[in-house]
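Report on one structure; see the data block that follows.
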Amino acid sequence: QVQLVESGGGSVQSGGSLRLSCAASGFTFSSFAMRWYRQAPGKERELVATIGRVGTYNNYADSVKGRFTCSRDNAKNMLYLQMNSLRPEDTAAYYCATKIGLQDYWGQGAQVTVSS
């Protein structure tokens, strides 16, 4: 079955960096675009980054553009989100996700907390 497992969350001070990883299994990883979402308490889930199947296409939310970089390693079935210059407003649970056919799949989430 499809599994997405995030890791790498944690607490950091404003201006710091974190790298999230997402281990994918149960599907042909290289055949599907991947996405990172985040959700802060009391707020709607926000699409943060999208990456194409081979990693040459990237799209970012305006709020993270220039600070976050999404990448993938299809040989290892891994998705990454490098987050630099973190701000308190980046505090959220971060989820990797994909859509296969009509079905959306989500990881369990990784908490990122940025203190000022």
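In the structure tokens, the first chain shown is A, the next is B, and so on; residue numbers restart at 1 for each chain, and ligands run from 1 in the order shown.
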Within 7 Å of segment 38-47 of chain A using only C-alpha atoms, minus same-chain residues under 6 positions, as an MDAnalysis selection string: chainID A and resid 61 91:95
Can you write just those residues out, N, CA, C and O atoms, as a CSV table (one decimal), in the first residue's frame?
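Heads up, here's the output in selection21.csv:
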```csv
chain,number,residue,atom,x,y,z
A,61,ALA,N,4.8,28.3,-3.1
A,61,ALA,CA,3.9,29.4,-2.6
A,61,ALA,C,4.7,30.7,-2.4
A,61,ALA,O,5.9,30.6,-2.1
A,91,THR,N,5.8,28.1,11.3
A,91,THR,CA,5.4,27.1,12.3
A,91,THR,C,4.1,26.4,11.8
A,91,THR,O,3.1,27.1,11.6
A,92,ALA,N,4.2,25.1,11.7
A,92,ALA,CA,3.1,24.3,11.2
A,92,ALA,C,3.5,22.8,11.2
A,92,ALA,O,4.6,22.5,11.4
A,93,ALA,N,2.5,22.0,10.9
A,93,ALA,CA,2.7,20.6,10.6
A,93,ALA,C,2.9,20.5,9.1
A,93,ALA,O,2.0,21.1,8.4
A,94,TYR,N,3.9,19.9,8.6
A,94,TYR,CA,4.2,19.8,7.2
A,94,TYR,C,4.0,18.3,6.8
A,94,TYR,O,4.3,17.4,7.4
A,95,TYR,N,3.3,18.2,5.6
A,95,TYR,CA,2.9,17.0,5.1
A,95,TYR,C,3.4,16.8,3.6
A,95,TYR,O,3.3,17.7,2.8
```
Non-local contacts of Ser17 of chain A (8 Å; only C-alpha atoms; under 6 positions in same chain excluded) as a PyMOL selection string: chain A and resi 82-86
Counting only C-alpha atoms, figure out which residue out of A:Tyr80, A:Thr98, A:Thr50, A:Arg35 gets nearest to Ser7 of chain A.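 Comparing A:Tyr80, A:Thr98, A:Thr50, A:Arg35 against Ser7 of chain A, the winner is A:Tyr80.
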All helix (DSSP H, G or I) residues (DSSP, backbone) inside chain A, as a ChimeraX atom specification: /A:29-31,88-90
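Using only C-alpha atoms for every distance, the candidate list A:Leu102, A:Leu18, A:Ile51, A:Ala97 yields A:Ala97 as the residue closest to Val5 of chain A.
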Selection near Gly26 of chain A, 8 Å with only C-alpha atoms, sequence-local residues under 4 positions removed, as a ChimeraX atom specification: /A:1-3
Residue with smallest distance to Phe32 of chain A - pool A:Gly55, A:Lys65, A:Gly107, A:Lys76, counting only C-alpha atoms: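 Nearest to Phe32 of chain A: A:Gly55.
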Computed interatomic separation between atom CA of Asp104 of chain A and atom CA of Asp73 of chain A (Å):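 Interatomic distance here is 20.9 Å.
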For a quick check of understanding, using only C-alpha atoms, which of A:Trp106, A:Gly52, A:Gly10, A:Gly101 has the smallest distance to Asn74 of chain A? A:Gly52
Residue with smallest distance to Arg72 of chain A - pool A:Gly9, A:Gln108, A:Met34, A:Ser115, counting only C-alpha atoms: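 When distances to Arg72 of chain A are compared using only C-alpha atoms, the smallest one comes from A:Met34.
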Could you tell me, as a ChimeraX atom specification, which residues of chain A DSSP assigns to strand (DSSP E or B) when given the backbone? /A:3-7,10-13,18-25,34-39,46-51,58-60,68-73,78-83,92-100,103-106,110-115
Residues near Arg87 of chain A, cut-off 7 Å, only C-alpha atoms, skip fewer than 3 positions along chain, as a PyMOL selection string: chain A and resi 14-15+90+114
